[in-house]
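Colleague: Contents of structure05.cif (mmCIF, C-alpha atoms and all ligand atoms) are below:
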```cif
data_protein
loop_
_atom_site.label_atom_id
_atom_site.label_comp_id
_atom_site.auth_asym_id
_atom_site.auth_seq_id
_atom_site.Cartn_x
_atom_site.Cartn_y
_atom_site.Cartn_z
CA MET P 1 -26.70 27.95 16.29
CA VAL P 2 -23.72 30.32 15.89
CA SER P 3 -21.45 29.86 12.84
CA ALA P 4 -17.86 28.62 13.36
CA GLU P 5 -16.72 31.85 11.70
CA ALA P 6 -18.00 33.84 14.68
CA GLY P 7 -14.91 32.83 16.70
CA ILE P 8 -12.40 34.15 14.17
CA GLU P 9 -10.65 37.49 14.67
CA ARG P 10 -8.92 37.56 11.27
CA VAL P 11 -8.08 35.28 8.38
CA LEU P 12 -4.39 34.53 7.76
CA TRP P 13 -4.78 32.37 4.62
CA THR P 14 -7.96 32.14 2.60
CA GLU P 15 -9.34 28.93 1.13
CA ALA P 16 -7.93 29.88 -2.30
CA GLU P 17 -4.48 30.70 -0.87
CA VAL P 18 -4.43 27.38 1.01
CA ALA P 19 -5.39 25.42 -2.13
CA ALA P 20 -2.72 27.16 -4.23
CA ARG P 21 0.03 26.54 -1.68
CA VAL P 22 -0.98 22.91 -1.08
CA GLY P 23 -0.73 22.39 -4.85
CA GLU P 24 2.83 23.75 -4.85
CA VAL P 25 3.93 21.58 -1.91
CA ALA P 26 2.30 18.54 -3.52
CA ALA P 27 4.21 19.12 -6.76
CA GLU P 28 7.50 19.29 -4.86
CA LEU P 29 6.68 16.16 -2.86
CA ALA P 30 5.44 14.25 -5.93
CA ALA P 31 8.68 14.88 -7.80
CA ASP P 32 10.67 13.46 -4.86
CA LEU P 33 8.37 10.44 -4.34
CA ARG P 34 8.41 9.55 -8.04
CA ALA P 35 12.22 9.35 -7.85
CA LEU P 36 12.02 6.60 -5.18
CA LEU P 37 12.27 2.95 -6.16
CA GLU P 38 9.34 1.91 -3.99
CA PRO P 39 6.11 3.44 -2.62
CA ALA P 40 6.51 5.78 0.36
CA VAL P 41 4.31 5.60 3.46
CA VAL P 42 2.53 8.87 4.20
CA VAL P 43 1.81 9.08 7.93
CA GLY P 44 -0.79 11.63 8.95
CA VAL P 45 -0.87 12.94 12.49
CA ALA P 46 -4.48 12.79 13.61
CA THR P 47 -6.59 14.73 13.93
CA GLY P 48 -5.12 18.03 12.80
CA ALA P 49 -3.55 16.83 9.53
CA PHE P 50 -6.70 15.22 8.11
CA LEU P 51 -7.64 17.97 5.61
CA PHE P 52 -4.08 18.79 4.59
CA LEU P 53 -3.28 15.10 4.05
CA ALA P 54 -6.46 14.53 2.03
CA ASP P 55 -5.81 17.54 -0.23
CA LEU P 56 -2.09 16.77 -0.51
CA VAL P 57 -2.21 13.09 -1.51
CA ARG P 58 -4.91 13.74 -4.11
CA ARG P 59 -2.42 16.00 -5.84
CA VAL P 60 0.56 13.60 -5.56
CA ASP P 61 0.75 11.38 -8.61
CA ALA P 62 3.07 8.70 -7.17
CA PRO P 63 2.43 5.30 -5.57
CA LEU P 64 2.07 5.66 -1.80
CA ALA P 65 0.44 4.13 1.27
CA VAL P 66 -1.47 6.21 3.84
CA ASP P 67 -1.74 5.59 7.55
CA PHE P 68 -2.39 7.65 10.67
CA VAL P 69 -0.95 7.98 14.14
CA ARG P 70 -2.31 9.93 17.05
CA VAL P 71 0.13 11.88 19.20
CA GLU P 72 -1.27 13.84 22.09
CA SER P 73 0.33 16.55 24.15
CA TYR P 74 -2.34 19.23 24.45
CA GLY P 75 -5.02 19.39 27.10
CA GLY P 76 -7.93 21.56 26.05
CA GLY P 77 -5.95 24.82 25.97
CA THR P 78 -3.59 26.68 23.67
CA GLU P 79 -0.27 25.57 25.22
CA SER P 80 1.34 22.17 24.74
CA SER P 81 2.12 20.13 27.87
CA GLY P 82 5.47 19.34 26.21
CA LYS P 83 5.19 15.60 26.89
CA PRO P 84 3.76 13.99 23.77
CA ARG P 85 2.76 10.34 23.71
CA ILE P 86 1.64 8.06 20.89
CA THR P 87 -1.97 7.18 21.70
CA ALA P 88 -2.81 5.35 18.43
CA ASP P 89 -0.14 3.57 16.41
CA LEU P 90 0.33 2.68 12.73
CA LYS P 91 -1.18 -0.34 11.02
CA VAL P 92 1.27 -0.25 8.09
CA ASP P 93 4.77 -1.70 8.64
CA VAL P 94 7.30 1.07 7.96
CA ALA P 95 10.46 -1.04 8.38
CA GLY P 96 12.80 -0.27 5.45
CA LYS P 97 10.28 2.25 4.03
CA HIS P 98 10.49 5.93 3.13
CA VAL P 99 8.12 7.71 5.48
CA VAL P 100 6.61 11.16 5.02
CA VAL P 101 5.09 12.51 8.23
CA VAL P 102 2.22 14.90 7.48
CA GLU P 103 1.57 17.40 10.28
CA ASP P 104 -0.82 20.31 10.68
CA ILE P 105 1.70 22.55 12.44
CA VAL P 106 5.17 22.31 13.95
CA ASP P 107 5.36 24.54 17.00
CA THR P 108 7.90 23.63 19.74
CA GLY P 109 8.87 20.52 17.76
CA ASN P 110 8.19 18.19 20.70
CA THR P 111 5.43 16.22 18.96
CA LEU P 112 7.43 15.73 15.79
CA SER P 113 10.66 14.67 17.47
CA CYS P 114 8.75 12.14 19.58
CA LEU P 115 7.12 10.77 16.42
CA ILE P 116 10.36 10.69 14.43
CA ALA P 117 12.06 8.72 17.24
CA HIS P 118 9.10 6.31 17.24
CA LEU P 119 9.27 5.78 13.45
CA GLU P 120 13.03 5.41 13.53
CA LYS P 121 12.66 2.66 16.14
CA LYS P 122 10.29 0.90 13.76
CA GLY P 123 13.08 0.87 11.14
CA ALA P 124 11.96 3.51 8.62
CA SER P 125 14.82 3.98 6.13
CA SER P 126 14.12 7.69 5.67
CA ILE P 127 11.82 10.13 7.41
CA SER P 128 10.65 13.34 5.76
CA VAL P 129 8.26 15.86 7.25
CA CYS P 130 5.55 17.72 5.38
CA THR P 131 3.86 20.27 7.59
CA PHE P 132 1.06 22.59 6.57
CA LEU P 133 2.25 25.32 8.96
CA ASP P 134 5.59 25.98 10.59
CA LYS P 135 6.07 28.26 13.61
CA PRO P 136 9.90 28.41 13.79
CA ALA P 137 9.83 31.27 16.34
CA ARG P 138 8.57 28.87 19.00
CA ARG P 139 10.89 25.93 18.28
CA LYS P 140 12.40 24.29 21.38
CA VAL P 141 13.64 21.05 19.81
CA ASN P 142 15.65 20.72 16.59
CA ILE P 143 13.93 18.47 14.08
CA GLN P 144 16.34 15.69 13.05
CA LEU P 145 15.20 14.10 9.81
CA VAL P 146 16.33 10.53 9.06
CA GLY P 147 18.29 9.29 6.02
CA ASP P 148 17.55 11.37 2.90
CA GLY P 149 14.50 12.89 4.58
CA LYS P 150 13.41 16.41 3.55
CA PHE P 151 11.38 19.12 5.28
CA TYR P 152 8.41 20.50 3.32
CA SER P 153 6.34 23.35 4.67
CA GLY P 154 3.20 25.13 3.47
CA PHE P 155 3.32 28.47 5.26
CA GLU P 156 5.46 30.04 7.95
CA CYS P 157 2.98 30.87 10.70
CA PRO P 158 3.31 33.95 12.93
CA ASP P 159 3.19 33.39 16.67
CA TYR P 160 -0.60 33.32 17.09
CA PHE P 161 -2.86 30.47 18.09
CA VAL P 162 -4.48 29.61 14.77
CA VAL P 163 -7.44 27.43 13.87
CA GLY P 164 -9.10 26.06 10.74
CA TYR P 165 -8.14 23.71 7.91
CA GLY P 166 -7.79 20.86 10.43
CA LEU P 167 -6.47 22.87 13.36
CA ASP P 168 -8.71 23.03 16.41
CA TYR P 169 -9.37 24.77 19.63
CA ALA P 170 -10.94 22.28 22.06
CA GLU P 171 -11.85 20.11 19.00
CA LEU P 172 -13.79 22.94 17.30
CA TYR P 173 -12.99 25.00 14.15
CA ARG P 174 -11.27 22.11 12.29
CA ASN P 175 -13.89 22.34 9.54
CA LEU P 176 -13.11 25.95 8.54
CA PRO P 177 -11.74 25.89 4.97
CA TYR P 178 -9.26 28.72 5.78
CA VAL P 179 -6.79 29.48 8.60
CA GLY P 180 -7.58 32.22 11.07
CA VAL P 181 -6.60 33.65 14.42
CA LEU P 182 -9.00 32.79 17.19
CA LYS P 183 -10.60 35.69 19.09
CA PRO P 184 -8.81 35.83 22.48
CA GLU P 185 -12.14 35.90 24.34
CA LYS P 186 -12.77 32.40 22.98
CA TYR P 187 -10.05 30.97 25.24
CA LYS P 188 -9.05 33.62 27.79
CA ASN P 189 -11.45 32.30 30.45
CA ASP P 190 -10.19 28.76 29.92
CA SER P 191 -8.35 27.63 33.08
CA SER P 192 -6.40 24.95 31.12
CA ASN P 193 -4.21 27.59 29.39
P1 LIG P 201 4.52 21.00 19.19
O1 LIG P 201 4.71 19.66 19.82
O2 LIG P 201 5.36 21.22 17.96
O3 LIG P 201 4.68 22.11 20.19
O4 LIG P 201 3.01 21.11 18.80
C1 LIG P 201 2.48 20.43 17.73
C2 LIG P 201 1.00 20.31 17.89
O5 LIG P 201 0.47 21.37 18.70
C3 LIG P 201 0.31 20.44 16.55
O6 LIG P 201 0.17 19.20 15.93
C4 LIG P 201 -1.03 21.06 16.94
O7 LIG P 201 -1.94 20.04 17.27
C5 LIG P 201 -0.73 21.87 18.18
N1 LIG P 201 -0.55 23.31 17.89
C6 LIG P 201 0.59 24.04 17.94
N2 LIG P 201 0.37 25.33 17.61
C7 LIG P 201 -0.96 25.43 17.33
C8 LIG P 201 -1.82 26.50 16.91
O8 LIG P 201 -1.43 27.67 16.68
N3 LIG P 201 -3.12 26.16 16.73
C9 LIG P 201 -3.61 24.92 16.94
N4 LIG P 201 -4.91 24.74 16.74
N5 LIG P 201 -2.84 23.89 17.33
C10 LIG P 201 -1.53 24.14 17.53
#
```
Spell out the structure here as structure tokens.
Modeller:
Amino acid sequence: MVSAEAGIERVLWTEAEVAARVGEVAAELAADLRALLEPAVVVGVATGAFLFLADLVRRVDAPLAVDFVRVESYGGGTESSGKPRITADLKVDVAGKHVVVVEDIVDTGNTLSCLIAHLEKKGASSISVCTFLDKPARRKVNIQLVGDGKFYSGFECPDYFVVGYGLDYAELYRNLPYVGVLKPEKYKNDSSN
């Protein structure tokens, strides 16, 4: 078998850099969640946010609930279809709750704005966003937070298709402990791009 690393052209953030930055974001988030009168609901966007969420909440010393949603807009390629839909919904009731959406990456903003609208409809009293990566250069939709919601971000990501630390290409590479740029030959023959 070939190692997952074989598909990586270069590393953007090493495992140690990721851990250090996640610790900083967690400290910022923890301070805000401890100031709330009741536990927040941390909503992870599956599958990409699974590692970030796991590392983040272990470093947040505040009462909180965790749940997941699935929002899909990608086929198998590197470009979003732009029409996200919720394909697996929450179990936890977020009505009247402070919600923190945990994302792997915000790119065009389509996925996040669809999810924020969905959570707002369910009656969340505030909606914050905590994204591991942010690609502001590619934003097409402004992210409207709800109530006293805040925007937390790990790293600003250059305009490359990146994988690792939860982020996939065709469901692979999520298990890499660092973030890297995928070798173009790994997807250039893919007709779904
Ligand atoms: P948006 O709706 O903001 O355009 O896209 C958000 C979703 O697209 C993310 O949750 C992620 O699944 C996917 N995505 C956007 N950019 C990248 C990227 O560089 N690498 C990977 N692996 N996924 C990406």
Colleague: Restricting the calculation to all atoms listed in the file, which member of P:Val60, P:Val45, P:Val94, P:Val101 is positioned closest to ligand LIG 201 (chain P)?
Modeller: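 Residue with the minimum atom-to-atom distance to ligand LIG 201 (chain P): P:Val45.
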Colleague: Closest to Pro136 in chain P among P:Cys157, P:Val66, P:Ala54, P:Ala124, using all atoms listed in the file?
Modeller: P:Cys157
Colleague: Enumerate as a JSON list (two decimals) with C-alpha atoms, in the frame of the given file the residues within 6 Å of ligand LIG 201 (chain P), counting all atoms listed in the file.
Modeller:
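In the end it all went to out.json:
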```json
[["chain", "number", "residue", "atom", "x", "y", "z"],
["P", 48, "GLY", "CA", -5.12, 18.03, 12.80],
["P", 80, "SER", "CA", 1.34, 22.17, 24.74],
["P", 104, "ASP", "CA", -0.82, 20.31, 10.68],
["P", 105, "ILE", "CA", 1.70, 22.55, 12.44],
["P", 106, "VAL", "CA", 5.17, 22.31, 13.95],
["P", 107, "ASP", "CA", 5.36, 24.54, 17.00],
["P", 108, "THR", "CA", 7.90, 23.63, 19.74],
["P", 109, "GLY", "CA", 8.87, 20.52, 17.76],
["P", 110, "ASN", "CA", 8.19, 18.19, 20.70],
["P", 111, "THR", "CA", 5.43, 16.22, 18.96],
["P", 160, "TYR", "CA", -0.60, 33.32, 17.09],
["P", 161, "PHE", "CA", -2.86, 30.47, 18.09],
["P", 162, "VAL", "CA", -4.48, 29.61, 14.77],
["P", 163, "VAL", "CA", -7.44, 27.43, 13.87],
["P", 167, "LEU", "CA", -6.47, 22.87, 13.36],
["P", 168, "ASP", "CA", -8.71, 23.03, 16.41],
["P", 169, "TYR", "CA", -9.37, 24.77, 19.63]]
```
Colleague: My list of candidates is P:Val129, P:Val71, P:Leu115, P:Ala95. Which is closest to Gly154 in chain P when distances are computed with only C-alpha atoms?
Modeller: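 Among P:Val129, P:Val71, P:Leu115, P:Ala95, it is P:Val129 that comes nearest to Gly154 in chain P.
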Colleague: Taking into account only C-alpha atoms, which residue in the set P:Leu182, P:Val146, P:Leu29, P:Ala88 is nearest to Leu119 in chain P?
Modeller: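 Using only C-alpha atoms, the shortest distance to Leu119 in chain P belongs to P:Val146.
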Colleague: Interatomic distance between CA of Lys188 in chain P and CA of Ala4 in chain P?
Modeller: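 Here the two named atoms are 17.6 Å from each other.
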Colleague: Tell me which of P:Ala27, P:Leu36, P:Ala20, P:Cys114 sits closest to Val69 in chain P, counting all atoms listed in the file.
Modeller: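 Looking at the shortest contact to Val69 in chain P, the residue is P:Cys114.
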Colleague: Go ahead and compute the interatomic distance for CA of Leu64 in chain P and CA of Thr87 in chain P, in Å to one decimal.
Modeller: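 CA of Thr87 in chain P lies 23.9 Å from CA of Leu64 in chain P.
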Colleague: Would you kindly return, as number ranges by chain, each protein, DNA or RNA residue with an atom no farther than 12 Å from any atom of Lys91 in chain P, considering all atoms listed in the file and excluding same-chain residues fewer than 4 positions away?
Modeller: P: 41, 43, 65-70, 95, 122
Colleague: Set up a box along x, y and z of the file covering all listed atoms of range 46-54 of chain P, add 5 Å on every one of the six sides, and write the centre and edge lengths in Å to one decimal, as JSON.
Modeller:
```
{"center_x": -5.5, "center_y": 15.8, "center_z": 8.0, "size_x": 14.4, "size_y": 16.0, "size_z": 21.9}
```
Colleague: Any idea what the distance is between CA of Ala137 in chain P and CA of Leu56 in chain P?
Modeller: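 Value for the CA of Ala137 in chain P-CA of Leu56 in chain P distance: 25.2 Å.
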Colleague: Between P:Gly23, P:Gly44, P:Pro158, P:Pro63, which has the minimum distance to Lys135 in chain P (counting all atoms listed in the file)?
Modeller: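 The shortest atom-to-atom distance to Lys135 in chain P comes from P:Pro158.
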Colleague: If we count only C-alpha atoms, what is near Leu51 in chain P at a cut-off of 7 Å, once residues fewer than 3 positions away on the same chain are taken out, given as a list in words?
Modeller: Ala54, Asp55, Tyr165 and Gly166 of chain P
Colleague: Counting all atoms listed in the file, note down every residue that has an atom within 8 Å of the point (13.0, 18.8, 2.2) (file coordinates), as a list in words.
Modeller: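 Using all atoms listed in the file, the matching residues come out as Ser128, Val129, Gly149, Lys150, Phe151 and Tyr152 of chain P.
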Colleague: Just the residues within 9 Å of Ser153 in chain P, please, counting only C-alpha atoms, with nothing from its chain fewer than 2 positions along; format it as number ranges by chain.
Modeller: P: 25, 129-134, 151, 155-156
Colleague: Show me the residues close to (-20.8, 29.6, 14.0) - anything with an atom within 12 Å, counting only C-alpha atoms - and format the list as a list in words.
Modeller: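 Every residue inside that radius is included here: Met1, Val2, Ser3, Ala4, Glu5, Ala6, Gly7, Ile8, Leu172, Tyr173, Asn175 and Leu176 of chain P.
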